[in-house]
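> Please read through the structure below; I'll follow up with questions.
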Amino acid sequence: MNANAFKAKDYKSDIAPIWCPGCGDYHVLMSITKAMAELNRDPKDMAVISGIGCSSRIPAYTNCYGFHGVHGRSLALAAGLKVSRPDLTVMVMSGDGDGFSIGGNHFLHACRRNIDMTYIVMDNRVYGMTKGQPSPTTEPDWDSALSPGGTGLSPFHPLVIALASGANFVAREFSGDIKNSTKTIVEAVNHPGFSFVEILSPCVTFRPDEREWKGAVHRASVEETDDPARAARRIMTDDGMNTGILYRGHRKPYAAHVKDEIGDASALEAKFEV
C-alpha cells in the first residue's frame, strides 16, 4: 500500500461495534481511526491494547495488532509490549471503571515510568457492563438502584492524578467533538513519553443525564502549560467540562533513559576488560 494512501477506513476491522445506540464510544472510535490516518502509520506498525469494559472492545474494531486483556491490566500489557517492541506505536483503551479502580495502581506507575505510549480513557462515570454500578469517577450524590442516595465518596480525579504522577502529556476531550478529539489524539501519540487523554463519553443507557454534556463542554478557559502544578490548580477549580490539551511535559521517556544507562554501563565495563 502507498505510504500516503492510508485512510480512516484502513484502520477499521470488519467487526461491527455492538455498543448501545447513542453511546459516546462510537464517536471515540471514529476519532481514533481518523487520528491513525493523520499519523499515516501502517496498521501493522500499531498496536491497540485494552482491559475489560465497553470501551475495551475497541481493539476488535480496529485493523491493527490488538490485545483484549484482563480487567485493569491493560497498561501492564502495553508497557511490556512497548519496551520489547519500541518500534510499535502503542495505544491503550480503557474506561473509568477498568482504568481507575482495579487498574488505578497501574495508572499511577505508568505515568511515573513515562513509557512512550498513549492512554485513552473513555470516562462515563459509571460501570455500563454491570448495569449502572458507580465507578471511581461517579459523583458522590448520584442516585441509582445500585447506589441509593449516592455513594458519598469523593470522585477520583484522573487528570490531577496523572499530573501528580508524572504523565508527560495530559488532555481532556468530549466524544462528540470528533474534530478536536482527533487532533488531540494525534498530538498525544506524537508527544514523547506517557500521554493521557480522558474523553468524556456519555453512557446514555445508564446515565441519560449525560446527554446534557454536549451543551456543557467548553474550551475557552483551557490554557495549555508545561507547569504540572499550574495545570493541576486550573483543573481542580473547573466544572469538569473544560476540554483541550492541559499539559505538555519535557521529561525524558523511559526508553531514552534506559538507553543512556546502558551506554554508561558499557563504557564503564570496557575500562575493566582484560
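Chains: A, B, ... in order of the C-alpha cells. Residues: from 1 per chain. Ligands: from 1, in order shown.
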Going by DSSP on the backbone, which bits of segment 55-87 of chain A are strand (DSSP E)? Write them as a PyMOL selection string, please.
chain A and resi 65-68
> Just the residues within 8 Å of Asp98 of chain A, please, counting only C-alpha atoms, with nothing from its chain fewer than 2 positions along; format it as a PyMOL selection string.
chain A and resi 51-53+71-72+94-96+100-103
> Please produce a file of those selected residues containing N, CA and C atoms, as a PDB file, in the first residue's frame.

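Just written: out_7.pdb:
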```pdb
ATOM      1  N   GLY A  51      -8.400  -3.496  28.374  1.00  0.00           N
ATOM      2  CA  GLY A  51      -8.727  -4.362  29.502  1.00  0.00           C
ATOM      3  C   GLY A  51     -10.136  -4.906  29.357  1.00  0.00           C
ATOM      4  N   ILE A  52     -11.026  -4.529  30.286  1.00  0.00           N
ATOM      5  CA  ILE A  52     -12.396  -5.022  30.278  1.00  0.00           C
ATOM      6  C   ILE A  52     -13.364  -3.839  30.357  1.00  0.00           C
ATOM      7  N   GLY A  53     -14.468  -3.943  29.650  1.00  0.00           N
ATOM      8  CA  GLY A  53     -15.483  -2.892  29.682  1.00  0.00           C
ATOM      9  C   GLY A  53     -15.954  -2.554  28.285  1.00  0.00           C
ATOM     10  N   HIS A  71      -9.127  -7.532  33.300  1.00  0.00           N
ATOM     11  CA  HIS A  71      -9.622  -6.332  33.954  1.00  0.00           C
ATOM     12  C   HIS A  71      -8.516  -5.534  34.642  1.00  0.00           C
ATOM     13  N   GLY A  72      -8.352  -4.288  34.205  1.00  0.00           N
ATOM     14  CA  GLY A  72      -7.437  -3.371  34.859  1.00  0.00           C
ATOM     15  C   GLY A  72      -5.971  -3.519  34.524  1.00  0.00           C
ATOM     16  N   SER A  94      -9.291   2.284  27.573  1.00  0.00           N
ATOM     17  CA  SER A  94      -9.848   1.882  28.863  1.00  0.00           C
ATOM     18  C   SER A  94     -11.060   2.737  29.189  1.00  0.00           C
ATOM     19  N   GLY A  95     -11.713   2.391  30.302  1.00  0.00           N
ATOM     20  CA  GLY A  95     -12.817   3.179  30.817  1.00  0.00           C
ATOM     21  C   GLY A  95     -12.532   3.566  32.254  1.00  0.00           C
ATOM     22  N   ASP A  96     -13.414   4.365  32.837  1.00  0.00           N
ATOM     23  CA  ASP A  96     -13.166   4.843  34.196  1.00  0.00           C
ATOM     24  C   ASP A  96     -13.208   3.722  35.232  1.00  0.00           C
ATOM     25  N   PHE A 100      -9.427   3.094  36.503  1.00  0.00           N
ATOM     26  CA  PHE A 100      -9.171   3.818  37.746  1.00  0.00           C
ATOM     27  C   PHE A 100      -9.530   3.039  39.006  1.00  0.00           C
ATOM     28  N   SER A 101     -10.179   1.885  38.860  1.00  0.00           N
ATOM     29  CA  SER A 101     -10.480   1.055  40.027  1.00  0.00           C
ATOM     30  C   SER A 101      -9.411  -0.017  40.154  1.00  0.00           C
ATOM     31  N   ILE A 102      -9.651  -1.184  39.591  1.00  0.00           N
ATOM     32  CA  ILE A 102      -8.647  -2.250  39.670  1.00  0.00           C
ATOM     33  C   ILE A 102      -7.373  -1.866  38.919  1.00  0.00           C
ATOM     34  N   GLY A 103      -7.495  -0.969  37.936  1.00  0.00           N
ATOM     35  CA  GLY A 103      -6.323  -0.541  37.179  1.00  0.00           C
ATOM     36  C   GLY A 103      -5.674   0.724  37.692  1.00  0.00           C
TER      37      GLY A 103
END
```
> Which of these residues is nearest to Ile245 of chain A, using only C-alpha atoms: A:Ser201, A:Arg172, A:Gly104, A:Ala216?
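The shortest atom-to-atom distance to Ile245 of chain A comes from A:Arg172.
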> Name the closest residue to Gly240 of chain A among the candidates A:Gly150, A:Pro208, A:Pro155, A:Pro253; distances are taken between atoms, counting only C-alpha atoms.
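Selected residue with least distance to Gly240 of chain A: A:Pro155.
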> Excluding Pro140 of chain A and its own-chain neighbours fewer than 6 positions away, which residues fall within 6 Å of it when counting only C-alpha atoms? Please give them as a PDB file with N, CA and C atoms, in the first residue's frame.

```pdb
ATOM      1  N   GLY A 150     -26.772   7.790  46.612  1.00  0.00           N
ATOM      2  CA  GLY A 150     -25.391   8.099  46.245  1.00  0.00           C
ATOM      3  C   GLY A 150     -24.386   7.365  47.113  1.00  0.00           C
ATOM      4  N   THR A 151     -23.146   7.379  46.695  1.00  0.00           N
ATOM      5  CA  THR A 151     -22.097   6.672  47.439  1.00  0.00           C
ATOM      6  C   THR A 151     -21.516   7.510  48.570  1.00  0.00           C
ATOM      7  N   GLY A 152     -21.587   8.833  48.420  1.00  0.00           N
ATOM      8  CA  GLY A 152     -20.978   9.707  49.414  1.00  0.00           C
ATOM      9  C   GLY A 152     -19.467   9.769  49.319  1.00  0.00           C
ATOM     10  N   LEU A 153     -18.900   9.135  48.284  1.00  0.00           N
ATOM     11  CA  LEU A 153     -17.442   9.074  48.140  1.00  0.00           C
ATOM     12  C   LEU A 153     -16.935  10.168  47.205  1.00  0.00           C
ATOM     13  N   SER A 154     -15.796  10.747  47.541  1.00  0.00           N
ATOM     14  CA  SER A 154     -15.178  11.737  46.662  1.00  0.00           C
ATOM     15  C   SER A 154     -14.729  11.059  45.376  1.00  0.00           C
TER      16      SER A 154
END
```
> Excluding Ser31 of chain A and residues on its chain fewer than 6 positions from it, collect all residues at most 7 Å away from it, counting only C-alpha atoms, and give them as a list in words.
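Residues near the query, excluding close chain neighbours: Ile178, Ser181 and Thr182 of chain A.
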> Wanna dump the segment 122-143 of chain A-segment 158-163 of chain A contacts at 10 Å for me, each residue with its shortest atom pair and the distance in Å to one decimal, counting only C-alpha atoms, ordered by chain and number, as a Markdown table?

```
| residue | atom | partner | partner_atom | distance |
| --- | --- | --- | --- | --- |
| A:Asp123 | CA | A:Pro158 | CA | 9.7 |
| A:Pro136 | CA | A:Pro158 | CA | 9.5 |
| A:Thr137 | CA | A:Pro158 | CA | 8.2 |
```
> Which residues are close to Pro228 of chain A, i.e. within 9 Å by only C-alpha atoms, leaving aside same-chain residues fewer than 5 positions away? Reply as a PDB file with N, CA and C atoms, in the first residue's frame.

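After the write, part.pdb holds the following:
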```pdb
ATOM      1  N   VAL A 160      -5.757  15.226  37.531  1.00  0.00           N
ATOM      2  CA  VAL A 160      -4.864  15.663  38.608  1.00  0.00           C
ATOM      3  C   VAL A 160      -3.919  14.536  39.008  1.00  0.00           C
ATOM      4  N   LEU A 163      -1.192  14.272  36.405  1.00  0.00           N
ATOM      5  CA  LEU A 163      -0.212  15.353  36.547  1.00  0.00           C
ATOM      6  C   LEU A 163       0.704  15.110  37.741  1.00  0.00           C
ATOM      7  N   ALA A 164       0.123  14.699  38.860  1.00  0.00           N
ATOM      8  CA  ALA A 164       0.912  14.469  40.072  1.00  0.00           C
ATOM      9  C   ALA A 164       1.837  13.271  39.937  1.00  0.00           C
ATOM     10  N   GLY A 166       3.311  12.221  37.067  1.00  0.00           N
ATOM     11  CA  GLY A 166       4.394  12.401  36.110  1.00  0.00           C
ATOM     12  C   GLY A 166       4.081  12.146  34.656  1.00  0.00           C
ATOM     13  N   ARG A 233      -3.846  23.049  39.389  1.00  0.00           N
ATOM     14  CA  ARG A 233      -4.662  24.072  40.057  1.00  0.00           C
ATOM     15  C   ARG A 233      -5.841  24.487  39.182  1.00  0.00           C
ATOM     16  N   LEU A 246      -4.058  20.167  28.282  1.00  0.00           N
ATOM     17  CA  LEU A 246      -3.789  20.868  29.533  1.00  0.00           C
ATOM     18  C   LEU A 246      -2.306  20.998  29.837  1.00  0.00           C
ATOM     19  N   TYR A 247      -1.535  19.993  29.446  1.00  0.00           N
ATOM     20  CA  TYR A 247      -0.134  19.954  29.879  1.00  0.00           C
ATOM     21  C   TYR A 247       0.723  19.176  28.890  1.00  0.00           C
ATOM     22  N   ARG A 248       1.902  19.715  28.598  1.00  0.00           N
ATOM     23  CA  ARG A 248       2.945  19.009  27.846  1.00  0.00           C
ATOM     24  C   ARG A 248       4.229  19.112  28.647  1.00  0.00           C
ATOM     25  N   GLY A 249       4.752  17.973  29.043  1.00  0.00           N
ATOM     26  CA  GLY A 249       5.979  17.963  29.821  1.00  0.00           C
ATOM     27  C   GLY A 249       7.205  17.709  28.968  1.00  0.00           C
TER      28      GLY A 249
END
```
> I need the residue nearest Ala188 of chain A from this list: A:Cys23, A:Met91, A:Cys64, A:Ile235. Use only C-alpha atoms for the distance.
A:Met91
